[in-house]
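J.: Structure file entry_26.txt (compact mmCIF, C-alpha atoms) is given on the next line.
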```txt
# COMPACT_ATOMS: atom_id res chain seq x y z
CA MET A 1 18.30 0.89 1.37
CA SER A 2 20.57 -0.86 3.82
CA SER A 3 17.82 -3.20 4.90
CA VAL A 4 16.89 -4.68 1.54
CA GLY A 5 18.05 -8.15 0.56
CA ASN A 6 20.24 -9.00 3.52
CA GLU A 7 17.98 -11.35 5.45
CA TYR A 8 18.39 -14.70 3.78
CA PRO A 9 21.26 -17.01 2.88
CA GLN A 10 21.59 -17.60 -0.86
CA SER A 11 19.06 -20.16 -2.02
CA LYS A 12 20.34 -23.49 -3.29
CA VAL A 13 17.57 -23.61 -5.90
CA GLU A 14 18.88 -23.13 -9.40
CA THR A 15 17.70 -19.81 -10.75
CA PRO A 16 15.50 -20.23 -13.81
CA LYS A 17 16.31 -18.08 -16.81
CA ARG A 18 14.74 -14.72 -16.30
CA SER A 19 11.77 -14.27 -18.57
CA GLU A 20 9.75 -11.10 -19.00
CA TRP A 21 6.09 -11.02 -18.08
CA PRO A 22 3.69 -10.59 -21.00
CA LEU A 23 3.12 -7.09 -22.34
CA TRP A 24 -0.33 -5.53 -21.92
CA GLU A 25 -1.79 -2.48 -23.61
CA VAL A 26 -3.77 -0.19 -21.32
CA PHE A 27 -6.90 1.81 -22.21
CA ILE A 28 -8.46 4.28 -19.81
CA ARG A 29 -11.72 6.19 -19.88
CA GLY A 30 -11.30 9.58 -18.24
CA GLN A 31 -13.66 11.43 -15.91
CA HIS A 32 -15.51 13.12 -18.76
CA GLY A 33 -14.34 10.91 -21.61
CA MET A 34 -16.83 9.16 -23.84
CA ASN A 35 -14.54 6.29 -24.69
CA HIS A 36 -11.41 4.47 -23.64
CA ARG A 37 -8.13 5.80 -24.93
CA HIS A 38 -4.83 4.03 -25.24
CA VAL A 39 -2.49 5.41 -22.58
CA GLY A 40 0.49 3.05 -22.68
CA SER A 41 1.62 -0.43 -21.85
CA LEU A 42 3.01 -2.45 -18.95
CA HIS A 43 4.05 -5.95 -17.92
CA ALA A 44 1.96 -8.31 -15.78
CA VAL A 45 1.50 -12.06 -15.34
CA ASP A 46 -2.26 -12.05 -15.84
CA ALA A 47 -5.23 -9.78 -16.54
CA GLU A 48 -6.04 -9.16 -12.88
CA MET A 49 -2.49 -8.05 -12.16
CA ALA A 50 -2.47 -5.95 -15.33
CA ILE A 51 -5.55 -4.06 -14.13
CA LYS A 52 -3.97 -3.44 -10.72
CA ASN A 53 -0.68 -2.34 -12.28
CA ALA A 54 -2.56 -0.06 -14.67
CA ARG A 55 -4.36 1.47 -11.71
CA ASP A 56 -1.04 2.17 -10.03
CA VAL A 57 0.91 3.31 -13.07
CA TYR A 58 -1.70 5.23 -15.08
CA THR A 59 -4.38 6.55 -12.70
CA ARG A 60 -2.23 8.08 -9.95
CA ARG A 61 -3.46 11.56 -10.79
CA ASN A 62 -7.13 10.70 -10.90
CA GLU A 63 -7.08 10.22 -14.65
CA GLY A 64 -9.65 7.52 -15.03
CA VAL A 65 -12.93 5.88 -14.08
CA SER A 66 -12.56 2.70 -16.12
CA ILE A 67 -9.61 0.56 -17.25
CA TRP A 68 -9.33 -1.95 -20.07
CA VAL A 69 -6.27 -4.09 -20.60
CA VAL A 70 -5.50 -6.42 -23.47
CA GLU A 71 -2.44 -8.56 -24.01
CA ALA A 72 -0.44 -6.88 -26.73
CA HIS A 73 -0.20 -9.98 -28.93
CA HIS A 74 -4.00 -10.03 -29.28
CA ILE A 75 -3.92 -6.71 -31.12
CA ALA A 76 -3.80 -7.05 -34.88
CA ALA A 77 -2.29 -3.97 -36.47
CA SER A 78 -2.20 -2.58 -39.98
CA SER A 79 1.17 -2.61 -41.65
CA PRO A 80 3.02 0.69 -42.10
CA SER A 81 3.95 -0.37 -45.64
CA ASP A 82 0.25 -0.48 -46.60
CA LYS A 83 -0.07 3.21 -45.83
CA GLY A 84 -0.58 4.30 -49.45
CA PRO A 85 -3.30 1.91 -50.57
CA PHE A 86 -4.92 1.94 -47.15
CA TYR A 87 -5.35 5.62 -46.47
CA GLU A 88 -4.65 7.75 -49.50
CA PRO A 89 -7.87 6.89 -51.38
CA ALA A 90 -9.87 8.60 -48.60
CA GLU A 91 -7.89 11.84 -48.81
CA SER A 92 -9.73 13.10 -51.90
CA LYS A 93 -13.21 12.21 -50.63
CA ILE A 94 -13.95 15.15 -48.39
CA TYR A 95 -17.70 14.66 -48.95
CA ARG A 96 -17.47 11.76 -46.53
CA HIS A 97 -17.03 14.24 -43.66
CA PRO A 98 -20.40 15.09 -42.13
CA THR A 99 -19.75 18.81 -42.50
CA PHE A 100 -22.11 19.52 -45.39
CA PHE A 101 -25.32 19.40 -43.41
CA ASP A 102 -26.57 20.70 -40.05
CA ILE A 103 -26.88 18.32 -37.12
CA PRO A 104 -30.00 18.93 -35.00
CA ASP A 105 -29.18 19.97 -31.42
CA ASP A 106 -31.11 17.11 -29.83
CA VAL A 107 -28.84 14.55 -31.51
CA GLY A 108 -26.22 15.37 -28.85
CA ALA A 109 -22.56 14.49 -29.01
CA MET A 110 -21.41 12.89 -32.25
CA MET B 1 -9.81 20.11 22.36
CA ALA B 2 -9.07 19.18 25.97
CA HIS B 3 -5.83 17.29 26.45
CA ASP B 4 -6.50 13.62 26.87
CA PRO B 5 -3.25 11.66 27.30
CA ASP B 6 -4.84 8.33 26.35
CA LEU B 7 -6.33 9.76 23.18
CA PHE B 8 -3.00 11.36 22.28
CA GLU B 9 -1.29 8.02 22.84
CA PHE B 10 -3.83 6.22 20.69
CA LEU B 11 -3.42 8.71 17.84
CA CYS B 12 0.38 8.39 18.00
CA ARG B 13 0.00 4.62 17.73
CA MET B 14 -2.10 4.96 14.58
CA GLY B 15 0.14 7.63 13.10
CA ASP B 16 3.43 5.96 13.99
CA ASN B 17 2.30 2.67 12.44
CA THR B 18 1.62 4.37 9.12
CA LEU B 19 4.69 6.62 9.38
CA VAL B 20 7.18 3.85 10.06
CA LEU B 21 5.67 1.42 7.53
CA GLY B 22 5.37 4.22 4.97
CA HIS B 23 9.06 5.00 5.38
CA ARG B 24 10.03 1.33 5.20
CA VAL B 25 8.05 0.86 1.98
CA SER B 26 9.54 4.05 0.52
CA GLU B 27 12.98 2.45 0.91
CA TRP B 28 12.08 0.35 -2.15
CA CYS B 29 11.68 3.40 -4.37
CA GLY B 30 13.91 2.81 -7.39
CA PHE B 31 14.87 -0.71 -6.24
CA ALA B 32 11.75 -2.87 -6.70
CA PRO B 33 12.06 -5.95 -8.91
CA VAL B 34 9.90 -4.53 -11.69
CA LEU B 35 8.85 -1.02 -12.66
CA GLU B 36 5.16 -1.64 -12.01
CA GLU B 37 5.83 -2.84 -8.44
CA ASP B 38 8.14 0.09 -7.84
CA ILE B 39 5.38 2.55 -8.65
CA ALA B 40 2.77 0.57 -6.74
CA LEU B 41 4.97 0.47 -3.63
CA ALA B 42 5.61 4.21 -3.87
CA ASN B 43 1.85 4.80 -4.11
CA ILE B 44 1.26 2.71 -1.00
CA ALA B 45 4.03 4.50 0.89
CA LEU B 46 2.49 7.85 -0.04
CA ASP B 47 -0.97 6.70 1.06
CA LEU B 48 0.51 5.73 4.44
CA ILE B 49 2.39 9.01 4.85
CA GLY B 50 -0.81 10.87 3.95
CA GLN B 51 -2.66 8.99 6.68
CA THR B 52 0.18 9.81 9.07
CA ARG B 53 -0.38 13.52 8.44
CA MET B 54 -4.01 13.13 9.49
CA TRP B 55 -3.36 11.01 12.59
CA LEU B 56 -0.42 13.04 13.89
CA GLY B 57 -2.13 16.30 12.91
CA LEU B 58 -5.05 15.34 15.14
CA ALA B 59 -2.61 14.20 17.84
CA ASP B 60 -1.12 17.71 17.76
CA GLU B 61 -4.56 19.26 18.27
CA VAL B 62 -5.34 16.89 21.14
CA GLU B 63 -2.02 17.49 22.86
CA GLY B 64 -2.22 21.26 22.42
CA ALA B 65 1.53 21.65 22.95
CA GLY B 66 2.25 23.11 19.55
CA ARG B 67 4.00 20.02 18.21
CA SER B 68 2.93 19.73 14.59
CA ALA B 69 2.65 16.44 12.69
CA ASP B 70 6.10 17.18 11.22
CA ASP B 71 7.52 17.85 14.69
CA LEU B 72 6.11 14.59 16.02
CA ALA B 73 7.47 12.63 13.06
CA MET B 74 10.90 14.20 12.82
CA LEU B 75 11.82 15.38 16.33
CA ARG B 76 10.93 12.43 18.53
CA ASP B 77 13.45 9.68 19.21
CA VAL B 78 12.96 5.92 19.34
CA TRP B 79 11.53 5.67 22.84
CA ASP B 80 8.68 8.05 22.00
CA PHE B 81 7.50 6.07 18.98
CA ARG B 82 4.36 3.98 19.47
CA ASN B 83 4.26 1.81 16.36
CA VAL B 84 3.97 -1.96 16.58
CA LEU B 85 7.20 -3.92 16.14
CA LEU B 86 5.96 -5.52 12.91
CA VAL B 87 6.16 -2.34 10.84
CA GLU B 88 9.71 -1.44 11.88
CA GLN B 89 11.13 -4.82 10.80
CA PRO B 90 13.59 -4.54 7.91
CA ASN B 91 12.40 -4.94 4.34
CA GLY B 92 14.46 -8.10 3.77
CA ASP B 93 13.77 -9.44 0.31
CA PHE B 94 10.71 -8.46 -1.72
CA GLY B 95 8.75 -11.43 -0.35
CA GLN B 96 9.45 -10.42 3.23
CA THR B 97 8.30 -6.87 2.49
CA MET B 98 5.08 -8.13 0.93
CA MET B 99 4.40 -10.54 3.82
CA ARG B 100 4.89 -7.72 6.35
CA GLN B 101 2.58 -5.54 4.26
CA PHE B 102 -0.06 -8.26 4.00
CA LEU B 103 -0.13 -8.97 7.74
CA PHE B 104 -0.33 -5.26 8.55
CA ASP B 105 -2.94 -4.51 5.85
CA ALA B 106 -5.20 -7.31 7.08
CA TRP B 107 -5.17 -5.81 10.59
CA HIS B 108 -5.25 -2.21 9.37
CA LEU B 109 -8.39 -2.67 7.27
CA ARG B 110 -10.32 -4.19 10.17
CA MET B 111 -9.12 -1.49 12.55
CA LEU B 112 -10.12 1.32 10.17
CA GLU B 113 -13.51 -0.25 9.45
CA ALA B 114 -14.20 -0.28 13.19
CA LEU B 115 -12.96 3.31 13.56
CA THR B 116 -15.44 4.58 10.94
CA THR B 117 -18.09 4.26 13.68
CA SER B 118 -15.96 5.96 16.35
CA THR B 119 -17.75 8.33 18.72
CA ASN B 120 -14.98 10.81 17.89
CA THR B 121 -16.16 12.24 14.56
CA ARG B 122 -12.69 13.44 13.56
CA ILE B 123 -11.36 9.90 13.94
CA ALA B 124 -14.35 8.48 12.07
CA GLU B 125 -13.67 10.91 9.18
CA ILE B 126 -9.97 10.00 8.95
CA ALA B 127 -10.86 6.30 9.04
CA ALA B 128 -13.49 6.73 6.30
CA LYS B 129 -10.89 8.30 4.01
CA ALA B 130 -8.14 5.82 4.85
CA VAL B 131 -10.33 2.72 4.58
CA LYS B 132 -10.68 3.17 0.81
CA GLU B 133 -6.92 3.31 0.36
CA VAL B 134 -6.30 0.36 2.64
CA SER B 135 -8.97 -1.79 0.95
CA TYR B 136 -6.79 -1.58 -2.14
CA HIS B 137 -3.58 -2.21 -0.18
CA VAL B 138 -4.95 -5.46 1.23
CA GLU B 139 -6.23 -6.57 -2.16
CA ARG B 140 -2.83 -5.97 -3.71
CA SER B 141 -0.72 -7.53 -0.95
CA SER B 142 -3.04 -10.55 -0.73
CA GLY B 143 -2.69 -11.15 -4.46
CA THR B 144 1.09 -10.90 -4.26
CA VAL B 145 1.31 -13.25 -1.27
CA ILE B 146 -0.81 -15.82 -3.14
CA GLY B 147 1.16 -15.37 -6.36
CA LEU B 148 4.53 -15.82 -4.67
CA GLY B 149 3.46 -18.41 -2.08
CA ASP B 150 1.88 -20.61 -4.75
CA GLY B 151 4.59 -19.77 -7.27
CA THR B 152 7.96 -21.41 -7.83
CA VAL B 153 9.90 -23.53 -5.33
CA GLU B 154 12.12 -20.50 -4.78
CA SER B 155 9.32 -17.99 -4.21
CA HIS B 156 7.38 -20.41 -2.01
CA SER B 157 10.37 -21.06 0.26
CA ARG B 158 11.05 -17.35 0.61
CA MET B 159 7.42 -16.59 1.47
CA GLN B 160 7.31 -19.37 4.05
CA ALA B 161 10.56 -18.06 5.58
CA ALA B 162 9.03 -14.56 5.69
CA LEU B 163 5.88 -15.86 7.39
CA ASP B 164 7.95 -17.83 9.94
CA LEU B 165 10.01 -14.70 10.66
CA LEU B 166 7.09 -12.24 10.92
CA TRP B 167 4.28 -14.29 12.46
CA PRO B 168 5.55 -13.73 16.05
CA TYR B 169 4.98 -9.99 15.47
CA VAL B 170 1.25 -10.45 14.76
CA GLY B 171 0.14 -10.90 18.37
CA GLU B 172 1.09 -7.35 19.36
CA LEU B 173 -1.52 -5.95 16.95
CA PHE B 174 -4.24 -7.47 19.14
CA SER B 175 -2.77 -6.86 22.60
CA THR B 176 -4.73 -4.64 24.97
CA ASP B 177 -3.43 -2.20 27.55
CA LYS B 178 -4.91 0.64 29.61
CA VAL B 179 -4.93 3.01 26.64
CA ASP B 180 -7.02 0.55 24.64
CA VAL B 181 -9.37 0.04 27.58
CA ALA B 182 -9.86 3.81 27.86
CA MET B 183 -10.52 4.09 24.10
CA THR B 184 -12.95 1.18 24.15
CA GLN B 185 -14.88 2.56 27.12
CA ALA B 186 -15.21 5.95 25.43
CA GLY B 187 -16.42 4.28 22.22
CA ILE B 188 -13.49 5.85 20.37
CA ALA B 189 -11.80 2.67 19.23
CA PRO B 190 -12.53 -1.07 19.27
CA ASP B 191 -10.94 -3.49 21.71
CA PRO B 192 -7.96 -4.74 19.65
CA ALA B 193 -8.69 -8.33 20.71
CA SER B 194 -12.12 -8.10 19.08
CA LEU B 195 -10.48 -7.79 15.64
CA ARG B 196 -8.58 -11.06 15.94
CA ALA B 197 -11.27 -13.47 14.74
CA GLY B 198 -11.89 -11.55 11.52
CA PHE B 199 -8.16 -11.23 10.95
CA ASP B 200 -7.53 -14.94 11.50
CA ALA B 201 -10.34 -15.93 9.15
CA TYR B 202 -9.15 -13.66 6.35
CA VAL B 203 -5.42 -14.26 6.75
CA GLY B 204 -5.95 -18.00 7.16
CA GLY B 205 -7.87 -18.10 3.88
CA VAL B 206 -5.25 -16.18 1.93
CA LEU B 207 -2.33 -18.15 3.36
CA ALA B 208 -4.06 -21.46 2.61
CA GLU B 209 -4.55 -20.33 -0.99
CA ALA B 210 -0.88 -19.32 -1.00
CA MET B 211 0.09 -22.86 0.14
CA LEU B 212 1.78 -21.38 3.22
CA THR B 213 1.70 -22.79 6.74
CA ILE B 214 1.15 -20.60 9.78
CA PRO B 215 3.83 -21.47 12.37
CA ASP B 216 2.80 -23.22 15.57
CA GLY B 217 2.70 -21.34 18.85
CA ASP B 218 1.30 -18.01 19.93
CA PHE B 219 4.47 -16.33 21.13
CA ALA B 220 4.29 -12.61 20.42
CA HIS B 221 7.04 -10.01 20.51
CA LYS B 222 5.73 -6.92 22.31
CA GLY B 223 6.89 -3.50 23.40
CA GLY B 224 6.42 -1.37 20.29
CA LYS B 225 2.99 0.14 20.75
CA THR B 226 3.58 0.78 24.45
CA GLY B 227 7.04 2.17 23.72
CA PHE B 228 8.50 -0.20 26.32
CA ARG B 229 11.11 -1.66 23.98
CA HIS B 230 11.44 -1.25 20.24
CA SER B 231 13.60 -3.60 18.21
CA GLU B 232 17.10 -2.46 17.23
CA HIS B 233 15.87 -1.70 13.71
CA LEU B 234 13.79 1.39 14.49
CA GLY B 235 16.72 3.48 15.69
CA HIS B 236 18.65 2.73 12.52
CA MET B 237 15.63 3.63 10.41
CA LEU B 238 15.18 6.94 12.21
CA THR B 239 18.78 7.93 11.51
CA GLN B 240 17.80 7.86 7.83
CA MET B 241 14.28 9.28 8.16
CA GLN B 242 15.26 12.08 10.54
CA TRP B 243 18.70 12.74 9.09
CA LEU B 244 17.92 16.20 7.80
CA GLN B 245 16.43 17.54 11.04
CA ARG B 246 19.27 15.98 13.04
CA ALA B 247 21.99 17.46 10.84
CA TYR B 248 20.27 20.83 10.29
CA PRO B 249 17.86 21.41 13.21
CA GLY B 250 14.89 23.57 12.36
CA SER B 251 15.48 23.70 8.64
CA SER B 252 12.37 23.93 6.49
CA TRP B 253 11.47 24.20 2.82
```
The structure given in the file should be rewritten as structure tokens.
T.:
Amino acid sequence: MSSVGNEYPQSKVETPKRSEWPLWEVFIRGQHGMNHRHVGSLHAVDAEMAIKNARDVYTRRNEGVSIWVVEAHHIAASSPSDKGPFYEPAESKIYRHPTFFDIPDDVGAM
Amino acid sequence: MAHDPDLFEFLCRMGDNTLVLGHRVSEWCGFAPVLEEDIALANIALDLIGQTRMWLGLADEVEGAGRSADDLAMLRDVWDFRNVLLVEQPNGDFGQTMMRQFLFDAWHLRMLEALTTSTNTRIAEIAAKAVKEVSYHVERSSGTVIGLGDGTVESHSRMQAALDLLWPYVGELFSTDKVDVAMTQAGIAPDPASLRAGFDAYVGGVLAEAMLTIPDGDFAHKGGKTGFRHSEHLGHMLTQMQWLQRAYPGSSW
């Protein structure tokens, strides 16, 4: 590492306060996947850079064939404190699962 | 394969370019300014080392002297290396590393594209595999050069300083000697000079978008690809890269 950072005199320009790049959430569709799955997050200045960074950080082992990125602040999330009213009413309604009838073979993947 | 000294020389040039630049880029591992760049640089370094294995592996077959790709990489000393001077230049700051990468990538992509139609099918196959990796390298380094060149006052001044420092190393990429003439006549590789117009058009476009000015003059440092005279930096780099084989000759794992 001896060669890094020793080439230039210190710049006279005043250093601006270091600010983090925006956070992006990354979704990748795998080789045989039907849909995109959330795989993690990263920082980037814009969408194009986020896609490139996602390619480098999350598809190194041939994980994906398609990448979506979305800036984290665009995601609206449910509140953990709403857990009871939000999800518990569905627990007792097992008849909503499509397990009480046969699906014809030619329907394909559900 | 019959021993052809010119072909061996040509393959060493291709392999040494990717070996030396791959090692230089790997020096950033764990030190890059942000995590995402750190991983991206490591990926690029690994792509280049992978290409080195193919070029020097074929060089071994052509030479027929039983020197494997590892032997060629780790047991030769400075004067036997055939990389261009550009790739052995120190990393400097991040901007200087990216400018060096951009200038090399822009040449590398055009060279590999031409080699995909080589009369030597082994070379054409290596080029076809490498060209996909390098298409991404040039896309990434171009984007970074534009982002930093047309960025802040600080980043712009550093990128211009990097361009001023590295531009005199561009000319060597397009210089022609008897090895190149032999390769061109055999239809194995393009005349390096024939790649210049495409390089200038592409690089000129990116640098204009990056608000950077190409220095005047066409002076070119030379002596790397012919092995006549490397810069002082390569020897220092090899002491790191070849440390293990120098300290413990013949060790393997």
J.: Find, counting all atoms listed in the file, the residue in B:Arg229, B:His108, B:His137, B:His3 that gets nearest to chain A.
T.: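 Comparing B:Arg229, B:His108, B:His137, B:His3 against chain A, the winner is B:His137.
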J.: Residues of chain B no more than 8 Å from chain A, counting only C-alpha atoms: send them over as a list of chain:residue names.
T.: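 Selected residues: B:Glu27, B:Trp28, B:Glu36, B:Glu37, B:Ile39, B:Ala40, B:Asn43, B:Pro90, B:Asn91, B:Gly92, B:Asp93, B:Phe94, B:Arg140, B:Val153, B:Glu154.
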J.: For Ala210 (chain B), which of B:Gln160, B:Gln185, B:Thr121, B:Ser252 is the closest residue, counting only C-alpha atoms?
T.: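 Using only C-alpha atoms, Ala210 (chain B) sits closest to B:Gln160.
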J.: Of the candidates B:Thr117, B:Thr239, B:Thr213, B:Thr18, which one gets nearest to Asp150 (chain B) if we count all atoms listed in the file?
T.: B:Thr213
J.: Between CA of Ile67 (chain A) and CA of Ile28 (chain A), what distance in Å does the model show, to one decimal?
T.: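 Going from CA of Ile67 (chain A) over to CA of Ile28 (chain A), I get 4.7 Å.
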J.: Which is closest to Leu21 (chain B) among B:Glu61, B:Ile188, B:Val78, B:Thr97, if we use only C-alpha atoms?
T.: B:Thr97
J.: Compare A:Glu71, A:Asp105, A:Glu91, A:Glu63 by their minimum atom-to-atom distance to Arg29 (chain A), counting only C-alpha atoms, and give me the closest one.
T.: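 Checking each candidate against Arg29 (chain A), we get A:Glu63 as the closest.
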J.: Which value, in Å to one decimal, gives the distance between CA of Leu195 (chain B) and CA of Leu41 (chain B)?
T.: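 These two atoms are separated by 26.0 Å.
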J.: Using Å and a single decimal, report how far CA of Gly143 (chain B) sits from CA of Gly64 (chain A).
T.: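 Separating CA of Gly64 (chain A) from CA of Gly143 (chain B) is a distance of 22.6 Å.
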J.: What lies within 10 Å of region 73-76 of chain A using only C-alpha atoms, ignoring chain neighbours under 4 positions off, as a PyMOL selection string?
T.: chain A and resi 22-25
J.: Tell me, as a VMD selection string, which residues lie within 8 Å of Leu56 (chain B), counting only C-alpha atoms; anything in the same chain fewer than 2 positions away does not count.
T.: chain B and resid 11 to 12 15 52 to 54 58 to 60 68 to 69 72 to 73
J.: Would you mind telling me which residue in B:Arg110, B:Lys178, B:Ala130, B:Ser135 lies nearest to Phe199 (chain B) when using only C-alpha atoms?
T.: B:Arg110
J.: Please check which residues have atoms at most 12 Å from (-11.7, 5.9, -25.1) in the file's coordinates, counting only C-alpha atoms, and write them as a list in words.
T.: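 Protein, DNA and RNA residues close to (-11.7, 5.9, -25.1): Val26, Phe27, Ile28, Arg29, Gly30, Gln31, His32, Gly33, Met34, Asn35, His36, Arg37, His38, Val39, Gly64, Val65, Ser66, Ile67 and Trp68 of chain A.
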J.: Would you save the residues from that selection as a PDB file, keeping the file's coordinate frame, using C-alpha atoms?
T.:
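This went into again.pdb:
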```pdb
ATOM      1  CA  VAL A  26      -3.770  -0.190 -21.320  1.00  0.00           C
ATOM      2  CA  PHE A  27      -6.900   1.810 -22.210  1.00  0.00           C
ATOM      3  CA  ILE A  28      -8.460   4.280 -19.810  1.00  0.00           C
ATOM      4  CA  ARG A  29     -11.720   6.190 -19.880  1.00  0.00           C
ATOM      5  CA  GLY A  30     -11.300   9.580 -18.240  1.00  0.00           C
ATOM      6  CA  GLN A  31     -13.660  11.430 -15.910  1.00  0.00           C
ATOM      7  CA  HIS A  32     -15.510  13.120 -18.760  1.00  0.00           C
ATOM      8  CA  GLY A  33     -14.340  10.910 -21.610  1.00  0.00           C
ATOM      9  CA  MET A  34     -16.830   9.160 -23.840  1.00  0.00           C
ATOM     10  CA  ASN A  35     -14.540   6.290 -24.690  1.00  0.00           C
ATOM     11  CA  HIS A  36     -11.410   4.470 -23.640  1.00  0.00           C
ATOM     12  CA  ARG A  37      -8.130   5.800 -24.930  1.00  0.00           C
ATOM     13  CA  HIS A  38      -4.830   4.030 -25.240  1.00  0.00           C
ATOM     14  CA  VAL A  39      -2.490   5.410 -22.580  1.00  0.00           C
ATOM     15  CA  GLY A  64      -9.650   7.520 -15.030  1.00  0.00           C
ATOM     16  CA  VAL A  65     -12.930   5.880 -14.080  1.00  0.00           C
ATOM     17  CA  SER A  66     -12.560   2.700 -16.120  1.00  0.00           C
ATOM     18  CA  ILE A  67      -9.610   0.560 -17.250  1.00  0.00           C
ATOM     19  CA  TRP A  68      -9.330  -1.950 -20.070  1.00  0.00           C
TER      20      TRP A  68
END
```
J.: Any chance you could model N, CA and C atoms for region 190-206 of chain B and send them as a short mmCIF file (atom, residue, chain, number, x, y, z; two decimals), keeping the file's coordinate frame?
T.:
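The result, stored in out_2.cif:
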```cif
data_model
loop_
_atom_site.label_atom_id
_atom_site.label_comp_id
_atom_site.auth_asym_id
_atom_site.auth_seq_id
_atom_site.Cartn_x
_atom_site.Cartn_y
_atom_site.Cartn_z
N PRO B 190 -12.14 0.28 18.86
CA PRO B 190 -12.53 -1.07 19.27
C PRO B 190 -11.49 -1.68 20.20
N ASP B 191 -11.90 -2.68 20.96
CA ASP B 191 -10.94 -3.49 21.71
C ASP B 191 -10.11 -4.24 20.67
N PRO B 192 -8.78 -4.08 20.68
CA PRO B 192 -7.96 -4.74 19.65
C PRO B 192 -8.24 -6.24 19.55
N ALA B 193 -8.47 -6.87 20.71
CA ALA B 193 -8.69 -8.33 20.71
C ALA B 193 -9.93 -8.70 19.90
N SER B 194 -10.89 -7.78 19.79
CA SER B 194 -12.12 -8.10 19.08
C SER B 194 -11.91 -8.20 17.57
N LEU B 195 -10.74 -7.73 17.08
CA LEU B 195 -10.48 -7.79 15.64
C LEU B 195 -9.81 -9.10 15.24
N ARG B 196 -9.42 -9.89 16.22
CA ARG B 196 -8.58 -11.06 15.94
C ARG B 196 -9.31 -12.12 15.12
N ALA B 197 -10.57 -12.39 15.44
CA ALA B 197 -11.27 -13.47 14.74
C ALA B 197 -11.40 -13.17 13.25
N GLY B 198 -11.77 -11.94 12.93
CA GLY B 198 -11.89 -11.55 11.52
C GLY B 198 -10.56 -11.62 10.81
N PHE B 199 -9.51 -11.18 11.50
CA PHE B 199 -8.16 -11.23 10.95
C PHE B 199 -7.75 -12.67 10.66
N ASP B 200 -7.94 -13.54 11.65
CA ASP B 200 -7.53 -14.94 11.50
C ASP B 200 -8.27 -15.61 10.34
N ALA B 201 -9.56 -15.31 10.21
CA ALA B 201 -10.34 -15.93 9.15
C ALA B 201 -9.82 -15.48 7.78
N TYR B 202 -9.60 -14.17 7.65
CA TYR B 202 -9.15 -13.66 6.35
C TYR B 202 -7.73 -14.12 6.02
N VAL B 203 -6.83 -13.92 6.98
CA VAL B 203 -5.42 -14.26 6.75
C VAL B 203 -5.27 -15.77 6.54
N GLY B 204 -6.00 -16.55 7.32
CA GLY B 204 -5.95 -18.00 7.16
C GLY B 204 -6.37 -18.42 5.76
N GLY B 205 -7.40 -17.78 5.23
CA GLY B 205 -7.87 -18.10 3.88
C GLY B 205 -6.83 -17.79 2.82
N VAL B 206 -6.25 -16.59 2.92
CA VAL B 206 -5.25 -16.18 1.93
C VAL B 206 -4.01 -17.07 2.01
#
```
